[in-house]
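What follows is protein_34.cif (mmCIF, C-alpha atoms).
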```
data_upload
loop_
_atom_site.label_atom_id
_atom_site.label_comp_id
_atom_site.auth_asym_id
_atom_site.auth_seq_id
_atom_site.Cartn_x
_atom_site.Cartn_y
_atom_site.Cartn_z
CA MET M 1 151.67 96.63 -42.31
CA SER M 2 150.16 97.55 -38.93
CA GLN M 3 146.72 97.90 -40.50
CA GLU M 4 146.70 94.14 -41.05
CA LYS M 5 146.02 93.79 -37.30
CA ILE M 6 148.72 91.17 -36.97
CA PHE M 7 148.16 90.83 -33.20
CA ASP M 8 144.87 89.03 -33.81
CA ASN M 9 146.73 85.95 -35.07
CA THR M 10 146.35 83.54 -32.16
CA GLU M 11 147.85 80.59 -34.01
CA ILE M 12 151.22 82.35 -33.96
CA ALA M 13 150.64 83.84 -30.50
CA PHE M 14 150.11 80.49 -28.79
CA ALA M 15 152.17 78.22 -31.02
CA LEU M 16 154.34 77.18 -28.06
CA LYS M 17 151.41 76.14 -25.85
CA SER M 18 149.77 72.74 -25.78
CA LYS M 19 146.02 72.50 -25.29
CA LYS M 20 146.56 71.67 -21.62
CA GLU M 21 148.84 74.69 -21.19
CA LEU M 22 146.27 76.91 -22.86
CA GLN M 23 143.62 75.71 -20.42
CA LYS M 24 145.88 76.32 -17.42
CA THR M 25 146.77 79.81 -18.63
CA ARG M 26 143.11 80.64 -19.21
CA PHE M 27 142.27 79.47 -15.69
CA LEU M 28 144.96 81.72 -14.18
CA PHE M 29 143.85 84.80 -16.07
CA LYS M 30 140.25 84.12 -15.08
CA MET M 31 141.36 84.12 -11.45
CA MET M 32 143.31 87.35 -11.94
CA SER M 33 140.29 89.05 -13.47
CA ASN M 34 138.69 89.03 -10.00
CA PRO M 35 140.27 91.69 -7.71
CA TRP M 36 138.77 90.06 -4.62
CA LEU M 37 140.33 86.69 -5.46
CA VAL M 38 143.70 88.31 -6.14
CA LYS M 39 143.60 90.11 -2.79
CA ILE M 40 142.67 86.97 -0.86
CA GLY M 41 145.12 84.81 -2.82
CA SER M 42 147.98 87.26 -2.19
CA TRP M 43 147.30 87.25 1.55
CA LEU M 44 147.04 83.45 1.68
CA THR M 45 150.29 83.07 -0.28
CA ARG M 46 152.27 85.36 2.02
CA THR M 47 150.76 83.82 5.16
CA SER M 48 151.31 80.22 4.05
CA LEU M 49 154.95 80.83 3.19
CA ASN M 50 155.60 82.75 6.40
CA LEU M 51 154.11 79.86 8.38
CA GLY M 52 156.22 77.36 6.50
CA LEU M 53 153.24 75.54 5.02
CA PRO M 54 154.07 73.21 2.07
CA VAL M 55 152.62 75.39 -0.71
CA LYS M 56 155.77 75.93 -2.78
CA GLY M 57 154.87 73.13 -5.22
CA LEU M 58 151.41 74.57 -5.87
CA ILE M 59 152.76 78.09 -6.38
CA LYS M 60 155.48 76.83 -8.71
CA LYS M 61 153.03 74.85 -10.86
CA THR M 62 150.64 77.79 -11.24
CA ILE M 63 151.48 81.49 -11.08
CA PHE M 64 155.27 80.94 -10.85
CA ASN M 65 155.44 78.88 -14.05
CA GLN M 66 153.21 81.42 -15.81
CA PHE M 67 155.37 84.46 -15.07
CA CYS M 68 158.85 83.08 -14.23
CA GLY M 69 161.36 81.06 -16.21
CA GLY M 70 162.62 79.00 -13.28
CA GLU M 71 164.43 79.22 -9.97
CA THR M 72 167.93 79.30 -11.50
CA GLU M 73 169.53 80.32 -14.76
CA GLN M 74 169.86 76.70 -15.79
CA GLU M 75 166.17 76.06 -15.11
CA CYS M 76 165.36 78.96 -17.45
CA LEU M 77 167.28 77.51 -20.40
CA PRO M 78 164.42 75.37 -21.80
CA VAL M 79 162.18 78.47 -21.84
CA ILE M 80 164.94 80.54 -23.44
CA HIS M 81 165.52 77.92 -26.15
CA LYS M 82 161.78 77.62 -26.90
CA LEU M 83 161.46 81.39 -27.29
CA ASN M 84 164.54 81.56 -29.48
CA ALA M 85 163.06 78.88 -31.76
CA VAL M 86 160.33 81.37 -32.73
CA GLY M 87 162.72 84.31 -32.98
CA VAL M 88 162.11 85.87 -29.56
CA SER M 89 165.14 86.83 -27.45
CA SER M 90 165.27 86.68 -23.65
CA ILE M 91 166.15 89.18 -20.93
CA MET M 92 167.11 87.59 -17.63
CA ASP M 93 165.87 89.35 -14.49
CA TYR M 94 166.76 88.01 -11.05
CA SER M 95 163.55 89.17 -9.38
CA VAL M 96 164.44 89.05 -5.70
CA GLU M 97 163.22 92.23 -3.99
CA GLY M 98 163.16 93.98 -0.64
CA LYS M 99 166.73 93.45 0.59
CA GLU M 100 168.30 96.05 2.92
CA SER M 101 171.81 95.00 3.97
CA GLU M 102 175.21 95.71 2.44
CA VAL M 103 175.84 91.97 2.25
CA ASP M 104 172.63 91.57 0.20
CA PHE M 105 173.54 94.48 -2.07
CA ASP M 106 177.02 93.07 -2.74
CA ALA M 107 175.45 89.68 -3.44
CA ALA M 108 172.96 91.27 -5.86
CA ALA M 109 175.75 93.02 -7.76
CA LYS M 110 177.73 89.79 -7.92
CA LYS M 111 174.62 87.98 -9.19
CA LYS M 112 174.09 90.57 -11.94
CA ILE M 113 177.68 90.22 -13.11
CA GLU M 114 177.27 86.44 -13.17
CA LEU M 115 174.12 86.96 -15.25
CA VAL M 116 176.09 89.06 -17.72
CA ALA M 117 178.55 86.18 -18.12
CA PHE M 118 175.64 83.74 -18.50
CA ALA M 119 174.07 85.96 -21.17
CA LYS M 120 177.36 86.30 -23.03
CA ALA M 121 177.58 82.50 -23.19
CA ASN M 122 173.99 82.22 -24.48
CA LYS M 123 173.42 84.31 -27.59
CA GLU M 124 169.64 84.14 -27.10
CA ILE M 125 170.12 86.67 -24.26
CA PRO M 126 171.35 89.97 -25.77
CA ILE M 127 170.07 92.11 -22.88
CA VAL M 128 170.14 92.00 -19.07
CA ALA M 129 168.11 94.01 -16.56
CA MET M 130 168.67 95.47 -13.12
CA LYS M 131 166.80 97.37 -10.42
CA PRO M 132 168.60 100.29 -8.70
CA THR M 133 167.28 99.50 -5.21
CA ALA M 134 168.71 95.99 -5.49
CA LEU M 135 172.10 97.70 -5.11
CA GLY M 136 171.48 100.07 -2.20
CA ARG M 137 169.03 101.22 0.46
CA PHE M 138 165.89 102.94 -0.79
CA ALA M 139 166.18 105.57 1.96
CA LEU M 140 169.63 106.55 0.69
CA TRP M 141 168.42 106.81 -2.91
CA GLN M 142 165.65 109.05 -1.58
CA LYS M 143 168.03 111.24 0.43
CA VAL M 144 170.32 111.74 -2.57
CA SER M 145 167.30 112.55 -4.75
CA GLU M 146 166.16 115.15 -2.23
CA LYS M 147 169.68 116.67 -2.28
CA LYS M 148 169.99 116.39 1.49
CA PRO M 149 173.52 116.40 2.92
CA LEU M 150 174.93 112.95 3.58
CA THR M 151 176.91 111.91 6.61
CA GLN M 152 180.42 110.61 6.04
CA THR M 153 179.12 107.06 6.51
CA GLU M 154 176.35 107.68 3.98
CA GLU M 155 178.84 109.17 1.51
CA GLN M 156 180.83 105.96 1.70
CA GLU M 157 177.65 103.91 1.34
CA TRP M 158 176.61 105.92 -1.71
CA GLN M 159 180.03 105.42 -3.29
CA ARG M 160 179.59 101.67 -2.88
CA ILE M 161 176.29 101.94 -4.78
CA VAL M 162 178.04 103.87 -7.56
CA ASN M 163 180.78 101.25 -7.68
CA ARG M 164 178.25 98.39 -7.90
CA PHE M 165 176.43 100.18 -10.69
CA ASP M 166 179.65 100.81 -12.57
CA SER M 167 180.89 97.22 -12.19
CA ILE M 168 177.67 95.87 -13.75
CA CYS M 169 177.65 98.41 -16.59
CA LYS M 170 181.34 97.80 -17.33
CA ALA M 171 180.82 94.02 -17.37
CA THR M 172 177.90 94.53 -19.76
CA TYR M 173 179.99 96.79 -21.99
CA ASP M 174 182.91 94.33 -22.03
CA ALA M 175 180.49 91.51 -22.95
CA GLU M 176 179.05 93.65 -25.78
CA LEU M 177 175.55 93.30 -24.32
CA ARG M 178 172.97 95.84 -23.15
CA VAL M 179 171.52 96.57 -19.72
CA LEU M 180 168.03 97.93 -19.02
CA ILE M 181 167.91 99.80 -15.72
CA ASP M 182 164.48 99.93 -14.11
CA ALA M 183 162.75 103.07 -12.94
CA GLU M 184 161.15 103.02 -9.51
CA GLU M 185 159.24 105.42 -7.24
CA SER M 186 159.46 109.11 -8.17
CA TRP M 187 160.90 110.17 -4.81
CA MET M 188 164.08 108.16 -5.40
CA GLN M 189 164.22 108.46 -9.19
CA ASP M 190 166.31 111.65 -9.57
CA ALA M 191 169.32 109.93 -7.99
CA ALA M 192 168.83 106.93 -10.25
CA ASP M 193 168.41 109.10 -13.36
CA ASN M 194 171.63 110.96 -12.60
CA LEU M 195 173.59 107.78 -11.96
CA VAL M 196 172.29 106.08 -15.10
CA GLU M 197 173.20 109.17 -17.11
CA LEU M 198 176.73 108.99 -15.71
CA MET M 199 176.90 105.36 -16.88
CA MET M 200 175.70 106.43 -20.34
CA GLU M 201 178.51 108.99 -20.49
CA ARG M 202 181.01 106.23 -19.70
CA TYR M 203 179.64 103.33 -21.73
CA ASN M 204 177.44 104.71 -24.56
CA THR M 205 180.10 106.56 -26.52
CA ASN M 206 180.95 104.11 -29.30
CA ARG M 207 178.09 101.64 -28.94
CA MET M 208 174.84 101.25 -27.02
CA THR M 209 175.13 99.62 -23.60
CA VAL M 210 173.09 101.42 -20.93
CA TYR M 211 169.35 102.16 -21.06
CA ASN M 212 167.36 104.21 -18.57
CA THR M 213 163.62 103.65 -18.13
CA LEU M 214 161.11 106.37 -18.94
CA GLN M 215 157.87 105.93 -16.98
CA CYS M 216 155.33 107.68 -19.17
CA TYR M 217 152.59 107.86 -16.54
CA ARG M 218 154.70 110.71 -15.12
CA TRP M 219 153.71 113.99 -16.74
CA ASP M 220 157.27 115.39 -16.50
CA ARG M 221 158.98 112.64 -18.50
CA LEU M 222 158.80 114.30 -21.93
CA ASP M 223 160.76 117.27 -20.56
CA TYR M 224 163.26 114.86 -18.97
CA LEU M 225 163.63 113.04 -22.31
CA LYS M 226 164.31 116.24 -24.23
CA GLY M 227 166.75 117.38 -21.54
CA ILE M 228 168.87 114.24 -21.55
CA HIS M 229 168.83 114.25 -25.35
CA GLN M 230 170.39 117.72 -25.37
CA ARG M 231 172.97 116.76 -22.74
CA ALA M 232 173.83 113.63 -24.73
CA LYS M 233 174.46 115.71 -27.85
CA ASP M 234 176.57 118.20 -25.86
CA LYS M 235 178.66 115.48 -24.20
CA GLY M 236 178.86 113.02 -27.09
CA PHE M 237 177.05 109.94 -25.81
CA MET M 238 174.06 108.00 -27.10
CA CYS M 239 170.77 107.77 -25.21
CA GLY M 240 169.38 104.34 -24.43
CA MET M 241 165.73 104.52 -23.41
CA LYS M 242 163.28 101.85 -22.35
CA ILE M 243 159.83 103.41 -22.49
CA VAL M 244 157.04 102.01 -20.35
CA ARG M 245 153.79 103.33 -18.93
CA GLY M 246 154.65 102.64 -15.28
CA ALA M 247 153.89 100.35 -12.35
CA TYR M 248 153.51 102.38 -9.14
CA MET M 249 150.49 104.57 -9.88
CA GLU M 250 148.39 103.94 -6.77
CA LYS M 251 151.40 104.26 -4.45
CA GLU M 252 152.49 107.52 -6.15
CA ARG M 253 149.05 109.13 -5.88
CA GLU M 254 148.55 108.06 -2.27
CA ARG M 255 151.91 109.49 -1.19
CA ALA M 256 151.31 112.77 -3.02
CA GLU M 257 147.94 113.17 -1.31
CA GLU M 258 149.32 112.20 2.09
CA LYS M 259 152.24 114.64 1.88
CA GLY M 260 150.38 117.43 0.10
CA TYR M 261 152.30 117.80 -3.15
CA LYS M 262 151.13 117.62 -6.75
CA SER M 263 150.89 114.05 -7.97
CA PRO M 264 153.64 113.21 -10.48
CA ILE M 265 151.19 110.90 -12.27
CA CYS M 266 149.07 111.89 -15.29
CA THR M 267 145.45 112.46 -14.31
CA THR M 268 143.99 110.09 -16.93
CA LYS M 269 145.03 107.01 -18.85
CA GLU M 270 144.61 109.03 -22.06
CA GLU M 271 147.29 111.47 -20.86
CA THR M 272 149.60 108.56 -20.10
CA ASP M 273 148.96 107.07 -23.55
CA TYR M 274 149.68 110.49 -25.08
CA THR M 275 152.96 110.84 -23.16
CA PHE M 276 154.08 107.33 -24.15
CA ASN M 277 153.26 107.87 -27.82
CA GLU M 278 154.88 111.32 -27.91
CA ALA M 279 158.04 109.93 -26.30
CA LEU M 280 158.07 107.14 -28.88
CA LYS M 281 157.68 109.65 -31.73
CA TYR M 282 160.39 111.91 -30.32
CA ILE M 283 162.88 109.07 -30.01
CA LEU M 284 162.22 107.64 -33.47
CA ASN M 285 162.31 111.14 -35.01
CA ASN M 286 165.77 111.57 -33.46
CA LYS M 287 166.88 108.01 -34.02
CA GLN M 288 170.46 109.02 -34.83
CA ASP M 289 170.96 109.82 -31.12
CA PHE M 290 168.85 107.08 -29.54
CA SER M 291 168.34 103.39 -29.09
CA VAL M 292 164.89 102.47 -27.82
CA PHE M 293 163.33 99.49 -26.08
CA VAL M 294 159.56 99.74 -26.50
CA GLY M 295 158.30 98.01 -23.37
CA THR M 296 154.57 97.81 -23.82
CA HIS M 297 151.58 95.48 -23.68
CA ASN M 298 149.54 98.09 -25.55
CA GLU M 299 148.61 97.12 -29.10
CA ALA M 300 147.96 100.69 -30.29
CA SER M 301 151.41 101.87 -29.22
CA SER M 302 153.03 98.83 -30.83
CA TYR M 303 151.21 99.54 -34.09
CA LEU M 304 152.26 103.20 -33.83
CA ALA M 305 155.93 102.21 -33.52
CA MET M 306 155.59 99.94 -36.55
CA ASP M 307 153.92 102.72 -38.56
CA ILE M 308 156.63 105.26 -37.72
CA MET M 309 159.34 102.76 -38.60
CA GLY M 310 157.64 102.14 -41.93
CA ASP M 311 157.23 105.87 -42.65
CA LYS M 312 160.90 106.53 -41.84
CA ASN M 313 162.18 103.46 -43.69
CA ILE M 314 163.60 101.99 -40.49
CA ASP M 315 164.19 98.27 -41.04
CA SER M 316 162.10 96.02 -38.83
CA ASN M 317 165.29 94.37 -37.56
CA ASP M 318 167.18 97.65 -36.98
CA ASN M 319 169.24 96.91 -33.85
CA THR M 320 168.46 100.30 -32.28
CA VAL M 321 164.76 99.45 -31.98
CA TRP M 322 163.54 96.63 -29.75
CA PHE M 323 160.12 95.59 -28.51
CA GLY M 324 159.58 93.77 -25.24
CA GLN M 325 156.89 92.23 -23.08
CA LEU M 326 156.87 90.35 -19.81
CA TYR M 327 157.12 86.57 -19.90
CA GLY M 328 153.67 85.04 -19.50
CA MET M 329 151.82 88.04 -20.93
CA SER M 330 150.94 89.49 -24.34
CA ASP M 331 152.27 86.59 -26.40
CA HIS M 332 150.03 87.83 -29.22
CA ILE M 333 152.22 90.94 -29.43
CA SER M 334 155.63 89.31 -28.87
CA PHE M 335 155.34 86.36 -31.21
CA ASN M 336 153.54 88.21 -34.00
CA LEU M 337 156.12 91.01 -33.92
CA SER M 338 158.89 88.43 -34.14
CA GLN M 339 157.09 86.65 -36.98
CA HIS M 340 157.16 89.93 -38.92
CA GLY M 341 160.89 90.45 -38.37
CA TYR M 342 160.95 92.90 -35.47
CA ASN M 343 163.53 92.63 -32.67
CA THR M 344 161.49 91.23 -29.81
CA ALA M 345 162.38 90.05 -26.32
CA LYS M 346 160.64 88.61 -23.30
CA LEU M 347 161.67 89.75 -19.82
CA ILE M 348 162.10 86.49 -17.88
CA PRO M 349 162.04 86.83 -14.11
CA PHE M 350 163.62 84.03 -12.10
CA GLY M 351 164.71 83.19 -8.58
CA PRO M 352 163.75 80.98 -5.62
CA VAL M 353 159.97 80.68 -5.36
CA LYS M 354 159.72 82.22 -1.90
CA GLU M 355 162.04 85.08 -2.86
CA VAL M 356 160.08 86.13 -5.97
CA ILE M 357 156.66 86.10 -4.29
CA PRO M 358 156.64 89.95 -3.96
CA TYR M 359 157.19 90.17 -7.73
CA LEU M 360 154.48 87.61 -8.49
CA ILE M 361 151.93 89.30 -6.25
CA ARG M 362 152.66 92.65 -7.89
CA ARG M 363 152.26 91.03 -11.30
CA ALA M 364 148.84 89.61 -10.34
CA GLU M 365 147.71 92.92 -8.85
CA GLU M 366 148.84 94.89 -11.90
CA ASN M 367 146.99 92.52 -14.23
CA THR M 368 143.86 93.11 -12.18
CA SER M 369 144.24 96.91 -12.13
CA VAL M 370 145.19 97.54 -15.77
CA ALA M 371 141.95 98.13 -17.63
CA GLY M 372 141.34 95.52 -20.30
CA GLN M 373 144.64 93.63 -19.89
CA THR M 374 143.26 90.43 -18.43
CA GLY M 375 140.12 90.61 -20.58
CA ARG M 376 142.20 90.84 -23.74
CA GLU M 377 144.33 87.85 -22.68
CA LEU M 378 141.18 85.79 -22.00
CA THR M 379 139.55 86.76 -25.31
CA LEU M 380 142.60 85.63 -27.27
CA LEU M 381 142.99 82.41 -25.29
CA ASN M 382 139.32 81.57 -25.91
CA LYS M 383 139.72 82.37 -29.60
CA GLU M 384 142.70 80.02 -29.92
CA MET M 385 140.96 77.20 -28.07
CA LYS M 386 137.97 77.61 -30.36
CA ARG M 387 140.26 77.56 -33.43
CA ARG M 388 141.95 74.35 -32.27
CA ASN M 389 138.62 72.67 -31.56
CA ALA M 390 137.10 73.65 -34.91
#
```
Before we go any further, please render this structure as structure tokens.
Amino acid sequence: MSQEKIFDNTEIAFALKSKKELQKTRFLFKMMSNPWLVKIGSWLTRTSLNLGLPVKGLIKKTIFNQFCGGETEQECLPVIHKLNAVGVSSIMDYSVEGKESEVDFDAAAKKKIELVAFAKANKEIPIVAMKPTALGRFALWQKVSEKKPLTQTEEQEWQRIVNRFDSICKATYDAELRVLIDAEESWMQDAADNLVELMMERYNTNRMTVYNTLQCYRWDRLDYLKGIHQRAKDKGFMCGMKIVRGAYMEKERERAEEKGYKSPICTTKEETDYTFNEALKYILNNKQDFSVFVGTHNEASSYLAMDIMGDKNIDSNDNTVWFGQLYGMSDHISFNLSQHGYNTAKLIPFGPVKEVIPYLIRRAEENTSVAGQTGRELTLLNKEMKRRNA
């Protein structure tokens, strides 16, 4: 089936967009194709909001509406219902970043548990997402990862992080949903990996609940994948894995150079592609022990997953295999996969406009830095506009 090049079908890809919406989306991606404009725009956005200038309405009508579902769960419902109408599920992600106090961390955990309840009440949302550093200080994650001794106060602080993690995973398990746990910077990731694995031991014994994230731009991730697979078989739990390429490449390389250690990042994009595809093959070849969320905007990897599923007679709607893309991007992949019966979901960030600005700026910068991403979006948008005008 993959040889049909289903992702070229723009009629399906943009079925939910009016002509005016197509034009607005094309304008945004044109802006994001210029690194200089993105840099200036990011600075102006931060500065304007910090100065209290009345730019919220402009931001909300442009980049916010492109990449976010709304400011609240209720505001997201129209988007969720529209996606569900074409067979695409939703993953709610409260995308407020950069908090550092215990009060904020408790509030974030409470918000995630509320989101689980919201998802349970809305069947279009089978999956929720969370970010480890939303639940505790980055510096403490780093210290635990480095296996440095903790003070008594830090031990208590770490236990609160574990308790927050557990409360969210338990709520997800009780609601019979699934939770995708983000990966972050490599120097805090060991602590996160170990804690997520503990949650898998607790909540992935009789059904799939907890997924870790495998960042395939790290050259050590295949070994990690094989290691957790063996531990899962030994201990009797199932592995949930979201596989992605990764989002912190420049930061990772700069830190490695600054501190004089070997970069954890693959040296070329081809190596990253190889790692992603090998991880995908490994998981699908050992499907009896895994559930996978294929988080990619890469057409070749999506076709590869479809080919392997076909070769192994894995049904397109097998509930242990999901595909996902970010809201506002790669609709040609999401909607065409759904049209052909594959389990597909959009990750829908939401939150107060000012609070999600760090996420939105990162999204714009990543679109600019990923080779071909913005160009592919523009090509497809132009193709669809031409088709409609024919």
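Considering the residues M:Ser291, M:Trp219, M:Glu270, M:Lys120 and counting all atoms listed in the file, Asn204 of chain M has its shortest atom-to-atom contact with M:Ser291.
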For Met130 of chain M, list every protein, DNA or RNA residue within 10 Å, evaluated using all atoms listed in the file, and leave out those in the same chain fewer than 6 positions away; present the list as a list in words. Met92, Asp93, Tyr94, Ser95, Ala108, Ala109, Lys112, Phe165, Ile168, Val179, Leu180, Ile181, Asp182 and Ala183 of chain M
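Counting only C-alpha atoms and comparing M:Ile91, M:Met238, M:Val294, M:Ala13, the residue that lies closest to Gly69 of chain M is M:Ile91.
With atom CA of Val88 of chain M on one side and atom CA of Cys76 of chain M on the other, the separation reads 14.3 Å.
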Which of M:Arg164, M:Lys235, M:Lys143, M:Lys60 sits closest to Asp106 of chain M [using all atoms listed in the file]: M:Arg164
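Across the structure, atom CA of Ala134 of chain M and atom CA of Leu150 of chain M are spaced 20.2 Å apart.
Note that atom CA of Gln215 of chain M and atom CA of Glu299 of chain M are 17.6 Å apart.
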At most 10 Å from (173.0, 87.3, -26.1), file frame, only C-alpha atoms: which residues, as an mmCIF file with C-alpha atoms, keeping the file's coordinate frame?
```
data_model
loop_
_atom_site.group_PDB
_atom_site.id
_atom_site.type_symbol
_atom_site.label_atom_id
_atom_site.label_comp_id
_atom_site.auth_asym_id
_atom_site.auth_seq_id
_atom_site.Cartn_x
_atom_site.Cartn_y
_atom_site.Cartn_z
ATOM 1 C CA SER M 89 165.140 86.830 -27.450
ATOM 2 C CA SER M 90 165.270 86.680 -23.650
ATOM 3 C CA ILE M 91 166.150 89.180 -20.930
ATOM 4 C CA VAL M 116 176.090 89.060 -17.720
ATOM 5 C CA ALA M 117 178.550 86.180 -18.120
ATOM 6 C CA PHE M 118 175.640 83.740 -18.500
ATOM 7 C CA ALA M 119 174.070 85.960 -21.170
ATOM 8 C CA LYS M 120 177.360 86.300 -23.030
ATOM 9 C CA ALA M 121 177.580 82.500 -23.190
ATOM 10 C CA ASN M 122 173.990 82.220 -24.480
ATOM 11 C CA LYS M 123 173.420 84.310 -27.590
ATOM 12 C CA GLU M 124 169.640 84.140 -27.100
ATOM 13 C CA ILE M 125 170.120 86.670 -24.260
ATOM 14 C CA PRO M 126 171.350 89.970 -25.770
ATOM 15 C CA ILE M 127 170.070 92.110 -22.880
ATOM 16 C CA VAL M 128 170.140 92.000 -19.070
ATOM 17 C CA ALA M 175 180.490 91.510 -22.950
ATOM 18 C CA GLU M 176 179.050 93.650 -25.780
ATOM 19 C CA LEU M 177 175.550 93.300 -24.320
ATOM 20 C CA ARG M 178 172.970 95.840 -23.150
#
```
Which residues are close to Gly240 of chain M, i.e. within 7 Å by only C-alpha atoms, leaving aside same-chain residues fewer than 5 positions away? Reply as a PyMOL selection string. chain M and resi 208+210-212+290-292
